[in-house]
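Worksheet for the structure shown next.
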Amino acid sequence: MIERKLLLGDEAIAIGAIHAGISGVYAYPGTPSTEITEYIQASAPDVRSRWCTNEKTAMEAALGMSYAGKRSLVCMKHVGMNVAADAFVNSAITGVNGGLVVLAADDPSMHSSQNEQDSRFYGKFAMIPILEPSTQQEAYDMMKYAFDMSEKLRLPVLMRIVTRLAHSRAGVVVDDAMAQNELNPDNERTHWVLLPGNARRQYASLVAKQPELMSWSLSSPYNKQAVEADKAPVGIVACGIAYNYVMENNPKAMGIPVVKVSQYPVPESLIKELAQKCDSLLIAEDGQPLVEEQVKALVGSDYKVKGRLTGDLPRMGELTPDCVGEALGIKVEQTFAAAQNVMPRPPALCQGCGHRDVYDALNKVVAEYADARIFGDIGCYTLGALPPFRAIDSCVDMGASITMAKGAADAGVHPAIAVIGDSTFTHSGMTGLLDAVNDGSRITVVISDNLTTAMTGGQDSAGTNKFEAICLGLGVDPEHVKVVVPLPKNMEEITRIIREEIEYDGVSVIIPRRECLQTLNRKLRQKRAQQ
Amino acid sequence: MKKDIILAGVGGQGILTIATIIGDAAAVAGLSLKQAEVHGMSQRGGDVQSNLRLSTDEIYSDLIKQGTADLIISMEPMEALRYVEYLNDEAWVVTSSQPFKNIPNYPEEQQLTDELAALPHVASLPIEDIARQNSMPKSANVILLGMAARYIEILTPEQLRQSIARVFASKGESVVQLNQQAFDLGLNAVK
């Protein structure tokens, strides 16, 4: 049955994947990708959907499901691609059996991220097809197309979206669901055992497939001449969501031809035809100038190509209809000047949050040590960098608190303290803790356990109830694994324990444990609603 | 016909509920709609906004161009001012007059009032006080929607009222009635 629904981009992708017959979704929460998996968890009981420990385990499990002949989806935010990269790149070498789609949600302008890397580079690097929807409807439609293409080419397919698509709602027409694939494990060991001899053959086969990928791109329903025009001073190549900002400026009325690109490899002949009709090209793409660089190589150095590299569009940050309009000579017309009395309002830790008590305690103790350094990590508790706490000295990537504290301690920093959340610890902190234990590094690790993955909205945390056992199993001395309840009334006990553990010449772990207020309140509301 | 609306507030004040109600009414009315939301870190007490675009024709951009928005609906006066460069010359600003002060350098309230008053079309009321006085402390956002209802134009107040019934249906009849009452309070407070 065909019906029209109002959907977030993430929800359109979730329904598209369910309708494409996936048997599993594998993911670690990360803004702006989280809602895809949440939607599948809530609406498709016959699809395996529990959260994974990190993006690498997710990618590998999805590849295993594909090996077994079934369709699987992996979802992550852009920086998750770095974690999954080993498995991701090699999945292009093994190839797939059941359809495999990797969904990377990029965050241009870094609304909730530490960088704005462009995942399309990963797709190009791995030499696989990339899809980049412009609309929520395309996001839905592309899932079936992506899984079919993945099975026909026997390659994983990367779908790249951006925050504006993930977290924007629009009407989407949805169709019926397909049946899931039957179990059908691959018997071709030479494809899957990447010993050098096999790997060379597999890589040669991937290279040989590249012309086929180009012909898919050229005949793709998602790549097309979207606005026709004859001779024009400028033509536009509009990629993914940038297409919307181009169309908002009505290029048709200006006689500007537009080629829409939503599938890669870059459809070369389509762009060459456009270049022949125009005196110059404007490349509109959200993220980094991937297409701009390729088009420059395609049309030669005499031909004028404009975009983010030339300053016609901003070098960084997400595109807007205003900046794309300006690149086309349309001035931004403000009726009212920006207001004078507006201050930035940064986010903050919730009132009553246990992380607040952890930072209060740490600040009290480190005030006694001139050389103390606190290495932070990724999560709500990164907000401890802001006033009133100003407590952390670094935040780089998932798990880096422990390993950076270790490296700094190796260099002679003392006290070297790591603050890491429960979910981040199981994501990427455990291996670093093992390094520290084996090296006998003098560090104090604070695992601030709020029993959930809070920053992304309260998803289950992989290590809940297992942290003491994990630390002991990794070899931390049982005398130096301490659990406290982060509440103001326990401040004396907490600060005493921090002092003692800082003075210990080895690895110690302090686990302040108190449930996130957001998830606690949500559970109480649900309980009340059930009564 | 089109209507470009900016919803503004502080994380947790309920602007996404306003967006959901308008979105539902637009979907039932068969309008085209795009609504860019804010999820993630800024929901923890930071400034949040949503671009809500309604039209009888196809909408391309999820984001509104500067100088073209028809309406700001804001749960907080300073947050209303954050987006004035997006307004067109006919636009309305419908806002709560009550500040939410969770930053140390929050401006003088009089300065905010003056700057709002300098705009040609503003409706401003202490919606949280009104909500408390009417024993509906959680419905301040729906009072605000009521205040804005007659400026949305592309949808009638009655269409929005019906949408409230659908959006809150799962929470029971008494919650629906309370929110429709809140909506009417706002609607009748501005003329």
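Identifiers for the structure tokens are assigned positionally: chains receive A, B, ... in sequence, residues are indexed from 1 per chain, and ligands are indexed from 1 in the order shown.
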Produce a table with one row for each residue of region 76-127 of chain A that has an atom at most 10 Å from any atom of region 41-64 of chain B, each row naming the nearest atom pair and its distance in Å at one decimal; use only C-alpha atoms; arrange rows by chain and rising residue number; format as a tab-separated table.
```
residue	atom	partner	partner_atom	distance
A:His111	CA	B:Met41	CA	7.9
A:Ser112	CA	B:Met41	CA	5.8
A:Ser113	CA	B:Met41	CA	9.1
```
Distance table requested - chain B against chain A, cut-off 9 Å, only C-alpha atoms: one row per qualifying residue with the closest atom pair and its distance in Å to one decimal, ordered by chain and rising residue number, as CSV.
```
residue,atom,partner,partner_atom,distance
B:Val10,CA,A:Arg345,CA,8.5
B:Gly11,CA,A:Pro347,CA,8.2
B:Gly23,CA,A:Leu6,CA,7.9
B:Asp24,CA,A:Leu6,CA,8.0
B:Ala27,CA,A:Leu6,CA,7.1
B:Ser32,CA,A:Gly171,CA,7.1
B:Leu33,CA,A:Ala170,CA,5.5
B:Lys34,CA,A:Ala170,CA,4.8
B:Gln35,CA,A:Arg169,CA,4.9
B:Ala36,CA,A:Ser168,CA,3.9
B:Glu37,CA,A:His167,CA,5.5
B:Val38,CA,A:His167,CA,6.9
B:His39,CA,A:His167,CA,7.2
B:Gly40,CA,A:Thr456,CA,5.8
B:Met41,CA,A:Ser112,CA,5.8
B:Ser42,CA,A:Pro347,CA,5.2
B:Gln43,CA,A:Pro347,CA,7.0
B:Arg44,CA,A:Pro347,CA,5.0
B:Gly45,CA,A:Pro347,CA,4.9
B:Gly46,CA,A:Pro347,CA,3.9
B:Asp47,CA,A:Arg345,CA,5.6
B:Asn51,CA,A:Ser168,CA,8.9
B:Ile59,CA,A:Glu248,CA,7.8
B:Tyr60,CA,A:Asn244,CA,4.7
B:Ser61,CA,A:Asn244,CA,4.7
B:Asp62,CA,A:Ser168,CA,6.9
B:Leu63,CA,A:Thr320,CA,6.8
B:Ile64,CA,A:Pro321,CA,7.3
B:Lys65,CA,A:Asp322,CA,5.7
B:Gln66,CA,A:Gln334,CA,5.9
B:Gly67,CA,A:Gln334,CA,4.4
B:Thr68,CA,A:Gln334,CA,8.2
B:Met78,CA,A:Val342,CA,6.0
B:Glu79,CA,A:Val342,CA,7.6
B:Leu81,CA,A:Ala339,CA,5.8
B:Arg82,CA,A:Val342,CA,6.0
B:Tyr83,CA,A:Ala338,CA,7.3
B:Val84,CA,A:Ala338,CA,6.0
B:Glu85,CA,A:Phe336,CA,5.1
B:Tyr86,CA,A:Gln334,CA,6.8
B:Leu87,CA,A:Thr335,CA,6.6
B:Asn88,CA,A:Thr335,CA,5.7
B:Asp89,CA,A:Thr335,CA,5.9
B:Asn102,CA,A:Arg345,CA,7.9
B:Ile103,CA,A:Arg345,CA,6.6
B:Asn105,CA,A:Met343,CA,7.3
B:Tyr106,CA,A:Met343,CA,6.7
B:Pro107,CA,A:Asn341,CA,6.1
B:Glu108,CA,A:Asn341,CA,8.3
B:Gln111,CA,A:Asn341,CA,7.0
B:Leu112,CA,A:Asn341,CA,6.5
B:Glu115,CA,A:Ala339,CA,7.4
B:Leu119,CA,A:Phe336,CA,8.4
B:Lys171,CA,A:Ala529,CA,8.3
```
- Among region 90-159 of chain B, which ones does DSSP place in alpha helix (DSSP H), written as a ChimeraX atom specification? /B:109-117,127-133,140-152,157-159
Near-Pro45 (chain A) list (12 Å; only C-alpha atoms; drop same-chain fewer than 4 positions) as a CSV table (one decimal) with C-alpha atoms, in the first residue's frame:
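Okay, selection_22.csv is ready:
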```csv
chain,number,residue,atom,x,y,z
A,18,ILE,CA,13.1,-2.1,6.4
A,22,ILE,CA,17.1,-5.9,5.8
A,23,SER,CA,17.6,-8.6,8.4
A,24,GLY,CA,19.9,-6.5,10.7
A,25,VAL,CA,20.9,-3.0,11.5
A,38,GLU,CA,16.0,3.9,17.1
A,39,TYR,CA,13.2,3.9,14.5
A,40,ILE,CA,14.0,0.3,13.4
A,41,GLN,CA,14.2,-0.8,17.1
A,49,SER,CA,18.8,-4.0,16.0
A,50,ARG,CA,20.5,-3.9,19.4
```
- Extract, using only C-alpha atoms, all DNA, RNA and protein residues at most 12 Å from Ala169 (chain B), discarding same-chain residues fewer than 5 positions from it, and format them as JSON, numbers by chain. {"B": [21, 162, 163, 164, 174, 175, 176, 177, 178, 179, 180]}
How would the residues just picked look written out with N, CA and C atoms as a short mmCIF file (atom, residue, chain, number, x, y, z; two decimals), in the first residue's frame?
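Result file out.cif:
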```cif
data_model
loop_
_atom_site.label_atom_id
_atom_site.label_comp_id
_atom_site.auth_asym_id
_atom_site.auth_seq_id
_atom_site.Cartn_x
_atom_site.Cartn_y
_atom_site.Cartn_z
N ILE B 21 2.75 20.00 16.02
CA ILE B 21 1.34 20.34 15.84
C ILE B 21 1.12 21.03 14.49
N GLN B 162 -7.62 21.17 15.72
CA GLN B 162 -7.88 19.75 15.43
C GLN B 162 -6.58 18.94 15.49
N SER B 163 -5.51 19.57 15.06
CA SER B 163 -4.22 18.88 15.10
C SER B 163 -3.78 18.59 16.53
N ILE B 164 -4.09 19.53 17.44
CA ILE B 164 -3.76 19.31 18.86
C ILE B 164 -4.43 18.03 19.36
N SER B 174 -8.20 14.15 28.67
CA SER B 174 -8.03 15.32 29.54
C SER B 174 -6.82 16.16 29.08
N VAL B 175 -5.77 15.50 28.62
CA VAL B 175 -4.60 16.23 28.12
C VAL B 175 -4.95 16.98 26.84
N VAL B 176 -5.74 16.36 25.98
CA VAL B 176 -6.19 17.03 24.75
C VAL B 176 -6.97 18.29 25.10
N GLN B 177 -7.90 18.15 26.03
CA GLN B 177 -8.75 19.29 26.40
C GLN B 177 -7.93 20.42 27.00
N LEU B 178 -7.01 20.05 27.89
CA LEU B 178 -6.16 21.06 28.53
C LEU B 178 -5.37 21.85 27.49
N ASN B 179 -4.84 21.15 26.51
CA ASN B 179 -4.02 21.82 25.50
C ASN B 179 -4.87 22.63 24.53
N GLN B 180 -6.06 22.18 24.25
CA GLN B 180 -6.94 23.00 23.40
C GLN B 180 -7.36 24.27 24.15
#
```
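Atom pair CA of Gly300 (chain A) / CA of Ser219 (chain A): separated by 24.5 Å.
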- Message: From the options B:Ile18, B:Ala29, B:Ala123, B:Ala165, which residue's atoms come nearest to Val190 (chain B), counting only C-alpha atoms?
- Response: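 Nearest to Val190 (chain B): B:Ala123.
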- Query: Looking at A:Glu188, A:Glu515, A:Glu11, A:Asp422, which one is nearest to Ala42 (chain A), with distances taken over only C-alpha atoms?
  - Reply: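 When distances to Ala42 (chain A) are compared using only C-alpha atoms, the smallest one comes from A:Glu11.
Nearest to Glu158 (chain B) of all the residues B:Asn188, B:Ala182, B:Pro99, B:Ala25 is B:Ala25, counting only C-alpha atoms.
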- Go through B:Glu76, B:Leu116, B:Gly186, B:Leu125 one by one, measure the shortest atom-to-atom distance of each to Lys101 (chain B) using only C-alpha atoms, and give the residue with the smallest value.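 Closest to Lys101 (chain B) of all the choices is B:Glu76.
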- Message: One number please: CA of Val446 (chain A) to CA of Ala372 (chain A), in Å, one decimal.
- Response: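 Value for the CA of Val446 (chain A)-CA of Ala372 (chain A) distance: 14.3 Å.
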- Query: In Å, with one decimal, what is the gap from CA of Tyr264 (chain A) to CA of Leu131 (chain A)?
  - Reply: 6.4 Å
- Message: Would you pick out the contacts of Glu151 (chain A) at 7 Å or less, using only C-alpha atoms, so that residues sharing its chain but fewer than 3 positions from it are not included, and give the list as a list in words?
- Response: Asn97, Gly98, Gly99, Phe147, Asp148, Arg154 and Leu155 of chain A
Residues as selected, C-alpha atoms, written as a PDB file, in the first residue's frame, can you do that?
```
ATOM      1  CA  ASN A  97      27.034 -11.594  -0.591  1.00  0.00           C
ATOM      2  CA  GLY A  98      23.773 -10.203   0.813  1.00  0.00           C
ATOM      3  CA  GLY A  99      23.347  -6.469   0.171  1.00  0.00           C
ATOM      4  CA  PHE A 147      20.660  -2.851  -1.678  1.00  0.00           C
ATOM      5  CA  ASP A 148      19.839  -4.035  -5.211  1.00  0.00           C
ATOM      6  CA  ARG A 154      28.694  -7.580  -5.042  1.00  0.00           C
ATOM      7  CA  LEU A 155      30.113  -4.507  -3.306  1.00  0.00           C
TER       8      LEU A 155
END
```
